[in-house]
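Below: the structure, in structure tokens.
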Amino acid sequence: MAQNIAIDGPSASGKSTVSKGVAQALGFVYVDSGAFYRGVTWHALRQNADPNNAEAVLESMHDADWDFFIKDGAVFFSVNGVVPVQELREKEVREAVALVAAIPEVRKFVVETLQSLENFGSLVMEGRDIGTVVFPDTPFKFYLDADPEERAKRRYRELVAAGENEKAEEVMKSLQQRDQIDSTRKTAPLSVAPGAQVVDTTNMTLDEVIETIVKAIKEFA
Ligand code: CDP
Ligand code: CDP
């Protein structure tokens, strides 16, 4: 039977990197749910829809042709035949995604899509509401956390490495803004799912976090 591993947490808590490592260790398919919210946002911006205008965002989302497929052990998608990857990380998308992800109908569309990915096999899915909304019945739930200063530092290092020259204070401010929108929105706010194992990664290396999760899954299974 297919198993689903839910990994939730705030921005830069290590979800993406850790989830990829766990998926590789277990031979499961990796799913970045945030990429779909970013995809809806990217497509809306490309169609000149204002991210504050829910109706315009929904129209662009429903009019598009979405297709999901596996490549190198991870799920990807195309929108009207185009596969966005780097585009999803752009500043415009980063700044608008929490607004778009707060629109209930956007969440309904993305959640139903994420649930249907079970057809691809056992999944390691990372996001904000995987243990609470997408797969509430899975026994494998983890919540990664880290101090806000440490998370801002991680994101800053990443942006510098990618050649972006945002200021450290700006990164901290934008991370806090996104945390605030994500944890206070009405629909599926970021929260620790009942039964989730909380892992504070502030002083842990990536390998230590991956090992902790893989061990917990093996002990349970
Ligand atoms: O990489 P980072 O943790 O900064 O963000 P992400 O996982 O790519 O998610 C981008 C945004 O999508 C988040 O800030 C949330 O607003 C939204 N999101 C969500 O609402 N629910 C999820 N399951 C995943 C992402
Ligand atoms: O997906 P999420 O936004 O939660 O975080 P990520 O993209 O996996 O991690 C953000 C950055 O922090 C990456 O560059 C990781 O390599 C780094 N990181 C770290 O140095 N130590 C950790 N324990 C976790 C993440």
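Letters A, B, ... go to the chains of the structure tokens in the order shown; residues in each chain start at 1; ligands are counted from 1 in the same order.
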Would you name the residues within 9 Å of ligand 2, counting only C-alpha atoms and all ligand atoms, and put them as JSON, numbers by chain? {"A": [8, 9, 10, 11, 12, 13, 14, 15, 16, 17, 18, 19, 20, 32, 34, 126, 127, 144, 145, 146, 150, 151, 152, 153, 154, 155, 156, 157, 158, 159, 200, 201, 202, 203, 204, 205, 206, 207, 208, 209]}
Check segment 127-190 of chain A with DSSP on the backbone and list each residue it calls helix (DSSP H, G or I), as a ChimeraX atom specification. /A:130-134,148-161,168-184
Spatial neighbours of segment 134-141 of chain A, 12 Å, only C-alpha atoms, chain gap at least 6 places, as a PyMOL selection string: chain A and resi 2-9+19+33+107-118+122-128+188+192-199+213-221
Calculate how many Å separate atom CA of Ala56 of chain A from atom 11 (C, counted along the ligand's line) of ligand 1, rounding to one decimal.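 Atom 11 (C, counted along the ligand's line) of ligand 1 lies at a distance of 19.0 Å from atom CA of Ala56 of chain A.
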I'd like to know which of A:Asn48, A:Asn119, A:Gln24, A:Gln177 is closest to ligand 1, using only C-alpha atoms and all ligand atoms.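 Smallest distance to ligand 1 is found for A:Gln177.
We find atom CA of Phe142 of chain A and atom CA of Glu87 of chain A to be spaced 28.3 Å apart.
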Any idea what's packed within 8 Å of Met61 of chain A, counting only C-alpha atoms, ignoring anything in its chain fewer than 2 positions away? Could you give it as a PyMOL selection string? chain A and resi 40+43-44+57-59+63-64
Using only C-alpha atoms, which residues sit within 8 Å of Val100 of chain A once same-chain residues fewer than 4 positions away are excluded, as a PyMOL selection string? chain A and resi 37+40-41+51-52+54+57+96+106
Quick one: residues within 8 Å of Gly73 of chain A, only C-alpha atoms, excluding same-chain residues fewer than 2 positions away - as a list in words?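 What passes the distance filter is Gln24, Phe28, Val29, Tyr30, Ile70, Lys71 and Val75 of chain A.
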